[in-house]
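For reference, model29.pdb is printed below; it contains PDB, C-alpha atoms.
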```pdb
ATOM      1  CA  MET C 210      49.071 147.304 157.212
ATOM      2  CA  LEU C 211      48.784 147.174 153.418
ATOM      3  CA  GLY C 212      52.145 145.433 153.155
ATOM      4  CA  VAL C 213      51.234 142.904 155.831
ATOM      5  CA  ALA C 214      47.885 142.175 154.169
ATOM      6  CA  LEU C 215      49.461 141.633 150.740
ATOM      7  CA  ALA C 216      52.259 139.483 152.146
ATOM      8  CA  SER C 217      49.764 137.369 154.061
ATOM      9  CA  ALA C 218      47.588 136.925 150.960
ATOM     10  CA  PHE C 219      50.506 135.850 148.799
ATOM     11  CA  ALA C 220      51.821 133.555 151.522
ATOM     12  CA  LEU C 221      48.484 131.759 151.786
ATOM     13  CA  ARG C 222      47.929 131.481 148.038
ATOM     14  CA  GLY C 223      51.395 130.823 146.698
ATOM     15  CA  GLN C 224      53.328 129.286 149.520
ATOM     16  CA  HIS C 225      54.096 126.126 147.468
ATOM     17  CA  ASP C 226      54.888 127.979 144.226
ATOM     18  CA  ALA C 227      58.450 129.366 144.090
ATOM     19  CA  PHE C 228      57.777 131.160 140.791
ATOM     20  CA  ALA C 229      55.155 133.344 142.465
ATOM     21  CA  LEU C 230      57.626 134.914 144.908
ATOM     22  CA  GLY C 231      59.114 137.362 142.378
ATOM     23  CA  PRO C 232      55.814 138.849 141.179
ATOM     24  CA  ALA C 233      54.609 138.927 144.795
ATOM     25  CA  PHE C 234      57.572 140.992 145.937
ATOM     26  CA  VAL C 235      57.201 143.347 142.960
ATOM     27  CA  THR C 236      53.494 143.813 143.653
ATOM     28  CA  ILE C 237      54.110 144.543 147.341
ATOM     29  CA  ALA C 238      56.887 147.027 146.492
ATOM     30  CA  LEU C 239      54.726 148.851 143.923
ATOM     31  CA  SER C 240      51.835 148.983 146.385
ATOM     32  CA  LEU C 241      53.924 150.416 149.214
ATOM     33  CA  ALA C 242      56.021 152.891 147.219
ATOM     34  CA  PRO C 243      53.310 155.573 146.655
ATOM     35  CA  PRO C 244      52.140 155.863 150.292
ATOM     36  CA  LEU C 245      55.729 155.859 151.580
ATOM     37  CA  LEU C 246      56.651 158.556 149.077
ATOM     38  CA  GLY C 247      53.568 160.536 150.050
ATOM     39  CA  VAL C 248      54.462 160.331 153.738
ATOM     40  CA  GLN C 249      57.977 161.600 153.005
ATOM     41  CA  ILE C 250      56.642 164.497 150.927
ATOM     42  CA  VAL C 251      54.184 165.502 153.654
ATOM     43  CA  ARG C 252      56.907 165.354 156.318
ATOM     44  CA  SER C 253      59.248 167.482 154.206
ATOM     45  CA  LEU C 254      56.489 169.999 153.531
ATOM     46  CA  ARG C 255      55.591 170.166 157.222
ATOM     47  CA  THR C 256      59.232 170.798 158.152
ATOM     48  CA  LEU C 257      59.549 173.498 155.506
ATOM     49  CA  VAL C 258      56.376 175.266 156.642
ATOM     50  CA  GLN C 259      57.412 175.131 160.303
ATOM     51  CA  LEU C 260      60.852 176.558 159.512
ATOM     52  CA  GLU C 261      59.438 179.362 157.387
ATOM     53  CA  LEU C 262      56.860 180.276 160.034
ATOM     54  CA  ASP C 263      59.601 180.317 162.664
ATOM     55  CA  LEU C 264      61.741 182.576 160.469
ATOM     56  CA  VAL C 265      58.845 184.986 159.927
ATOM     57  CA  GLN C 266      58.225 185.083 163.663
ATOM     58  CA  VAL C 267      61.810 185.878 164.625
ATOM     59  CA  GLN C 268      62.237 188.414 161.811
ATOM     60  CA  SER C 269      59.321 190.384 163.208
ATOM     61  CA  THR C 270      61.628 191.442 166.060
ATOM     62  CA  VAL C 271      64.022 193.200 163.667
ATOM     63  CA  THR C 272      61.859 196.329 163.610
ATOM     64  CA  ALA C 273      61.183 196.263 167.367
ATOM     65  CA  PRO C 274      62.706 198.854 169.722
ATOM     66  CA  ALA C 275      66.114 198.114 171.198
ATOM     67  CA  TYR C 276      64.516 197.121 174.508
ATOM     68  CA  ALA C 277      61.000 195.748 174.396
ATOM     69  CA  VAL C 278      58.820 192.923 175.616
ATOM     70  CA  GLY C 279      58.442 189.853 173.432
ATOM     71  CA  MET C 280      55.333 188.438 171.825
ATOM     72  CA  MET C 281      54.635 186.111 174.740
ATOM     73  CA  ALA C 282      54.979 188.980 177.201
ATOM     74  CA  SER C 283      52.713 191.109 175.014
ATOM     75  CA  GLU C 284      49.936 188.544 175.380
ATOM     76  CA  GLU C 285      50.448 188.530 179.133
ATOM     77  CA  LEU C 286      50.386 192.339 179.221
ATOM     78  CA  ALA C 287      47.123 192.342 177.266
ATOM     79  CA  ARG C 288      45.613 189.984 179.851
ATOM     80  CA  LEU C 289      46.808 192.176 182.733
ATOM     81  CA  ASP C 290      45.542 195.304 180.970
ATOM     82  CA  LEU C 291      42.079 193.765 180.602
ATOM     83  CA  ALA C 292      42.036 192.749 184.273
ATOM     84  CA  ALA C 293      43.090 196.238 185.378
ATOM     85  CA  GLU C 294      40.518 197.857 183.086
ATOM     86  CA  ARG C 295      37.726 195.728 184.539
ATOM     87  CA  LEU C 296      38.822 196.552 188.083
ATOM     88  CA  LEU C 297      38.995 200.304 187.423
ATOM     89  CA  ASP C 298      35.689 200.260 185.550
ATOM     90  CA  GLY C 299      34.064 198.553 188.506
ATOM     91  CA  VAL C 300      35.341 201.243 190.860
ATOM     92  CA  ALA C 301      34.287 204.052 188.487
ATOM     93  CA  THR C 302      30.749 202.716 188.006
ATOM     94  CA  GLY C 303      30.262 201.846 191.673
ATOM     95  CA  ARG C 304      29.996 198.070 191.153
ATOM     96  CA  THR C 305      33.120 197.654 193.290
ATOM     97  CA  PRO C 306      32.588 199.424 196.624
ATOM     98  CA  LEU C 307      35.304 201.467 198.308
ATOM     99  CA  PRO C 308      37.304 200.747 200.350
ATOM    100  CA  LEU C 309      38.209 197.529 198.547
ATOM    101  CA  ASP C 310      37.709 194.256 200.323
ATOM    102  CA  ASP C 311      40.723 192.045 201.035
ATOM    103  CA  ALA C 312      40.240 189.769 198.002
ATOM    104  CA  THR C 313      39.869 192.653 195.522
ATOM    105  CA  ALA C 314      42.787 194.555 197.059
ATOM    106  CA  SER C 315      44.965 191.446 196.777
ATOM    107  CA  THR C 316      44.001 191.052 193.107
ATOM    108  CA  ALA C 317      44.829 194.706 192.400
ATOM    109  CA  ALA C 318      48.217 194.367 194.138
ATOM    110  CA  SER C 319      48.991 191.238 192.135
ATOM    111  CA  ILE C 320      48.174 192.998 188.849
ATOM    112  CA  ALA C 321      50.359 195.973 189.777
ATOM    113  CA  THR C 322      53.278 193.721 190.740
ATOM    114  CA  GLU C 323      53.112 191.766 187.480
ATOM    115  CA  LEU C 324      52.951 194.982 185.450
ATOM    116  CA  ARG C 325      56.040 196.350 187.214
ATOM    117  CA  LEU C 326      57.946 193.107 186.589
ATOM    118  CA  HIS C 327      57.115 193.197 182.888
ATOM    119  CA  LEU C 328      58.202 196.830 182.637
ATOM    120  CA  ILE C 329      61.528 196.023 184.333
ATOM    121  CA  GLN C 330      62.124 193.055 182.037
ATOM    122  CA  GLY C 331      61.341 195.227 179.045
ATOM    123  CA  ARG C 332      64.316 197.452 179.922
ATOM    124  CA  ARG C 333      66.733 194.518 180.155
ATOM    125  CA  GLU C 334      65.839 192.244 177.259
ATOM    126  CA  THR C 335      66.767 193.262 173.721
ATOM    127  CA  TRP C 336      65.059 192.358 170.455
ATOM    128  CA  LEU C 337      67.739 189.677 169.870
ATOM    129  CA  TYR C 338      66.998 188.028 173.211
ATOM    130  CA  HIS C 339      63.307 187.729 172.321
ATOM    131  CA  ALA C 340      64.088 186.535 168.789
ATOM    132  CA  ILE C 341      66.145 183.647 170.173
ATOM    133  CA  THR C 342      64.108 182.653 173.214
ATOM    134  CA  GLU C 343      60.746 182.753 171.413
ATOM    135  CA  SER C 344      61.963 180.710 168.453
ATOM    136  CA  ALA C 345      61.278 176.974 168.487
ATOM    137  CA  LEU C 346      64.407 176.440 166.375
ATOM    138  CA  LEU C 347      66.874 178.911 167.900
ATOM    139  CA  GLY C 348      65.835 178.673 171.545
ATOM    140  CA  PRO C 349      67.227 175.171 172.298
ATOM    141  CA  SER C 350      70.398 175.607 170.194
ATOM    142  CA  VAL C 351      71.581 179.221 170.555
ATOM    143  CA  THR C 352      73.200 180.778 173.632
ATOM    144  CA  LEU C 353      73.281 184.586 173.732
ATOM    145  CA  ASN C 354      75.852 186.524 175.736
ATOM    146  CA  ASP C 355      74.926 190.213 175.582
ATOM    147  CA  PRO C 356      74.865 191.513 179.168
ATOM    148  CA  GLU C 357      74.931 195.187 178.137
ATOM    149  CA  GLY C 358      72.267 194.982 175.447
ATOM    150  CA  LEU C 359      74.560 195.946 172.571
ATOM    151  CA  ALA C 360      72.270 194.239 170.064
ATOM    152  CA  GLY C 361      69.921 197.192 170.474
ATOM    153  CA  LEU C 362      72.493 199.511 168.857
ATOM    154  CA  LEU C 363      72.469 197.632 165.551
ATOM    155  CA  THR C 364      70.626 199.128 162.603
ATOM    156  CA  ARG C 365      67.715 197.358 160.951
ATOM    157  CA  ASP C 366      69.880 195.963 158.138
ATOM    158  CA  GLN C 367      72.500 194.766 160.621
ATOM    159  CA  ARG C 368      69.830 193.120 162.750
ATOM    160  CA  ASP C 369      68.342 191.374 159.746
ATOM    161  CA  GLY C 370      71.754 190.155 158.594
ATOM    162  CA  LEU C 371      72.778 188.846 162.015
ATOM    163  CA  LEU C 372      69.481 187.088 162.650
ATOM    164  CA  THR C 373      69.392 185.561 159.164
ATOM    165  CA  ALA C 374      72.957 184.274 159.480
ATOM    166  CA  VAL C 375      72.273 182.661 162.858
ATOM    167  CA  TRP C 376      69.046 181.107 161.587
ATOM    168  CA  LEU C 377      70.727 179.675 158.484
ATOM    169  CA  LEU C 378      73.606 178.206 160.492
ATOM    170  CA  ILE C 379      71.194 176.388 162.801
ATOM    171  CA  SER C 380      68.459 175.419 160.357
ATOM    172  CA  ASP C 381      70.627 173.867 157.618
ATOM    173  CA  PRO C 382      70.680 170.283 159.031
ATOM    174  CA  VAL C 383      66.948 170.483 159.803
ATOM    175  CA  ARG C 384      66.091 171.542 156.249
ATOM    176  CA  GLN C 385      68.171 168.688 154.822
ATOM    177  CA  GLY C 386      66.639 166.120 157.169
ATOM    178  CA  ALA C 387      69.999 165.245 158.741
ATOM    179  CA  VAL C 388      70.278 163.820 162.230
ATOM    180  CA  GLN C 389      73.246 166.053 163.024
ATOM    181  CA  THR C 390      72.517 168.873 165.467
ATOM    182  CA  ARG C 391      74.290 172.192 165.793
ATOM    183  CA  THR C 392      74.807 174.559 168.704
ATOM    184  CA  LEU C 393      75.752 178.199 168.506
ATOM    185  CA  GLN C 394      77.249 180.722 170.931
ATOM    186  CA  LEU C 395      76.639 184.392 170.158
ATOM    187  CA  ASP C 396      78.735 186.981 172.019
ATOM    188  CA  LEU C 397      78.409 190.758 171.741
ATOM    189  CA  ILE C 398      81.318 192.514 173.422
ATOM    190  CA  ARG C 399      81.649 196.192 174.254
ATOM    191  CA  SER C 400      84.496 197.998 172.538
ATOM    192  CA  SER C 401      85.098 201.750 172.480
ATOM    193  CA  ALA C 402      88.011 201.520 170.040
ATOM    194  CA  PRO C 403      87.300 203.317 166.748
ATOM    195  CA  ASP C 404      87.393 201.656 163.369
ATOM    196  CA  PRO C 405      91.102 201.557 162.399
ATOM    197  CA  LEU C 406      90.226 202.368 158.769
ATOM    198  CA  ASP C 407      87.840 205.206 159.636
ATOM    199  CA  PRO C 408      88.268 206.650 163.159
ATOM    200  CA  THR C 409      85.289 208.998 162.641
ATOM    201  CA  ALA C 410      82.835 206.219 161.755
ATOM    202  CA  GLY C 411      81.832 205.513 165.334
ATOM    203  CA  ALA C 412      82.348 202.887 167.995
ATOM    204  CA  ARG C 413      82.840 199.207 167.192
ATOM    205  CA  ILE C 414      80.718 196.276 168.403
ATOM    206  CA  PRO C 415      82.722 193.056 168.032
ATOM    207  CA  ILE C 416      80.373 190.101 167.494
ATOM    208  CA  VAL C 417      81.632 186.522 167.800
ATOM    209  CA  ILE C 418      79.643 183.568 166.447
ATOM    210  CA  SER C 419      80.871 180.115 167.527
ATOM    211  CA  ALA C 420      78.952 177.327 165.783
ATOM    212  CA  THR C 421      79.635 173.705 166.741
ATOM    213  CA  GLY C 422      78.877 170.812 164.414
ATOM    214  CA  VAL C 423      79.342 172.812 161.212
ATOM    215  CA  PRO C 424      81.370 171.092 158.462
ATOM    216  CA  ARG C 425      83.941 173.161 156.602
ATOM    217  CA  ASN C 426      81.852 173.207 153.428
ATOM    218  CA  GLY C 427      78.448 173.044 155.125
ATOM    219  CA  VAL C 428      77.632 176.764 155.434
ATOM    220  CA  ASP C 429      74.850 178.136 153.257
ATOM    221  CA  PRO C 430      76.270 180.844 150.925
ATOM    222  CA  ALA C 431      73.343 183.064 151.909
ATOM    223  CA  ALA C 432      74.712 183.092 155.482
ATOM    224  CA  TRP C 433      77.917 184.801 154.319
ATOM    225  CA  GLN C 434      75.898 187.379 152.404
ATOM    226  CA  ALA C 435      73.863 188.089 155.540
ATOM    227  CA  ILE C 436      77.013 188.425 157.673
ATOM    228  CA  ARG C 437      78.429 191.024 155.259
ATOM    229  CA  LYS C 438      75.427 193.218 156.071
ATOM    230  CA  VAL C 439      76.507 193.242 159.724
ATOM    231  CA  GLY C 440      80.145 194.208 159.124
ATOM    232  CA  ARG C 441      83.569 192.962 158.131
ATOM    233  CA  HIS C 442      84.211 189.417 159.263
ATOM    234  CA  VAL C 443      86.931 186.808 159.616
ATOM    235  CA  GLU C 444      86.141 183.100 159.883
ATOM    236  CA  SER C 445      88.245 180.207 161.164
ATOM    237  CA  PHE C 446      87.697 176.486 161.728
ATOM    238  CA  SER C 447      88.859 174.434 164.687
ATOM    239  CA  GLY C 448      87.714 170.826 164.441
ATOM    240  CA  SER C 449      83.945 170.956 164.045
ATOM    241  CA  THR C 450      83.650 174.521 165.394
ATOM    242  CA  LEU C 451      83.242 177.490 163.089
ATOM    243  CA  ARG C 452      84.252 180.835 164.621
ATOM    244  CA  ILE C 453      83.140 184.027 162.905
ATOM    245  CA  GLU C 454      84.415 187.368 164.228
ATOM    246  CA  ILE C 455      82.452 190.371 162.987
ATOM    247  CA  ASP C 456      83.406 194.028 163.374
ATOM    248  CA  SER C 457      80.148 195.963 163.416
ATOM    249  CA  LEU C 458      80.065 199.752 163.621
ATOM    250  CA  SER C 459      77.629 201.629 165.843
ATOM    251  CA  HIS C 460      76.126 204.612 164.039
ATOM    252  CA  ASN C 461      75.229 206.195 167.371
ATOM    253  CA  PRO C 462      78.377 206.133 169.515
ATOM    254  CA  ALA C 463      76.676 208.391 172.088
ATOM    255  CA  ASP C 464      74.652 205.348 173.160
ATOM    256  CA  PHE C 465      77.849 203.857 174.514
TER     257      PHE C 465
END
```
Final structure tokens representation of the file:
Amino acid sequence: MLGVALASAFALRGQHDAFALGPAFVTIALSLAPPLLGVQIVRSLRTLVQLELDLVQVQSTVTAPAYAVGMMASEELARLDLAAERLLDGVATGRTPLPLDDATASTAASIATELRLHLIQGRRETWLYHAITESALLGPSVTLNDPEGLAGLLTRDQRDGLLTAVWLLISDPVRQGAVQTRTLQLDLIRSSAPDPLDPTAGARIPIVISATGVPRNGVDPAAWQAIRKVGRHVESFSGSTLRIEIDSLSHNPADF
């Protein structure tokens, strides 16, 4: 609007004076540069804050149990717990007469069913599943293939390294403001073969990361440092796909 107003003013005042065009353009450019720069700074800051908040959120799952409910499910469980507490308190204080009427009995059955479903899901979904699905950045771009829940066997340092590496591989174009998008496939495969260099170290968990849309020199160096915390790795490029194969050792082979 400022640019349009200035252009209109100069057009009305100096439309017959060719020498006024240069100063007019310079004035309009100097007037528009600060707000445009401010808008870009605010957008960059907003993106940075959103990414950092997302990283903090997903890293909170690193210390979670191997199988647990996510943050969204925790809020739902709190709601169900409050509803059950109110129902039981009503029965204990006599506000809710026994036997229960049809409406109250139906509500109690619904609460019990939802609680059972959440408990079942909590024994199937690992910390890594919740970290990916509850992340605004990772959820749309990362596909997890871990049918046996092997991510739960990783130590805290291994979890942190794996999650940080995945986050850096996906977030790099977003942080740089590029239009390019990346997708990532994460596979955790069961393997009972011992480490060939140390057969007594425990069972191996091969992890394969396949990232599409990653240039050969477009990987953040911090991602490689994070991957080293998970285990030995070998990387290869095929077109625009980066494939990283990690050999991670389980420190509790009895869990296999």
Quick one: which residues end up in the PyMOL selection byres ((chain C and resi 370) around 8) for this structure, as number ranges by chain?
C: 366-369, 371-374, 434-439
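Going from CA of Asp355 in chain C over to CA of Pro424 in chain C, you cover 26.5 Å.
Shortest atom-to-atom contact with Ala238 in chain C among C:Leu397, C:Ala301, C:Val423, C:Leu211: C:Leu211, counting only C-alpha atoms.
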Report, in Å with one decimal, the straight-line distance from CA of Gly348 in chain C to CA of Thr272 in chain C.
19.8 Å
List, as a ChimeraX atom specification, every residue that the PyMOL selection byres ((chain C and resi 417-421) around 10) selects in the file provided.
/C:350-354,371,374-375,378-379,390-398,414-416,422-424,442-456
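Between CA of Pro308 in chain C and CA of Thr322 in chain C lies a distance of 19.9 Å.
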Got a sec: who's within 12 Å of range 294-296 of chain C, counting all atoms listed in the file, leaving out chain neighbours fewer than 3 positions off, as a VMD selection string?
chain C and resid 286 to 291 299 to 307 309 313 to 318 320 to 321
With the PyMOL selection byres ((chain C and resi 343) around 12) as the selection, what would be picked from this file? Answer as an MDAnalysis selection string, please.
chainID C and resid 263:270 278:282 336:342 344:349 351
Which residues are near Pro244 in chain C? Cut-off 12 Å, all atoms listed in the file, ignore same chain within fewer than 5 positions. Put them as a VMD selection string.
chain C and resid 210 to 212 237 to 239 249 to 251
Residues just named, written with C-alpha atoms as an mmCIF file, in the frame of the given file:
```cif
data_model
loop_
_atom_site.group_PDB
_atom_site.id
_atom_site.type_symbol
_atom_site.label_atom_id
_atom_site.label_comp_id
_atom_site.auth_asym_id
_atom_site.auth_seq_id
_atom_site.Cartn_x
_atom_site.Cartn_y
_atom_site.Cartn_z
ATOM 1 C CA MET C 210 49.071 147.304 157.212
ATOM 2 C CA LEU C 211 48.784 147.174 153.418
ATOM 3 C CA GLY C 212 52.145 145.433 153.155
ATOM 4 C CA ILE C 237 54.110 144.543 147.341
ATOM 5 C CA ALA C 238 56.887 147.027 146.492
ATOM 6 C CA LEU C 239 54.726 148.851 143.923
ATOM 7 C CA GLN C 249 57.977 161.600 153.005
ATOM 8 C CA ILE C 250 56.642 164.497 150.927
ATOM 9 C CA VAL C 251 54.184 165.502 153.654
#
```
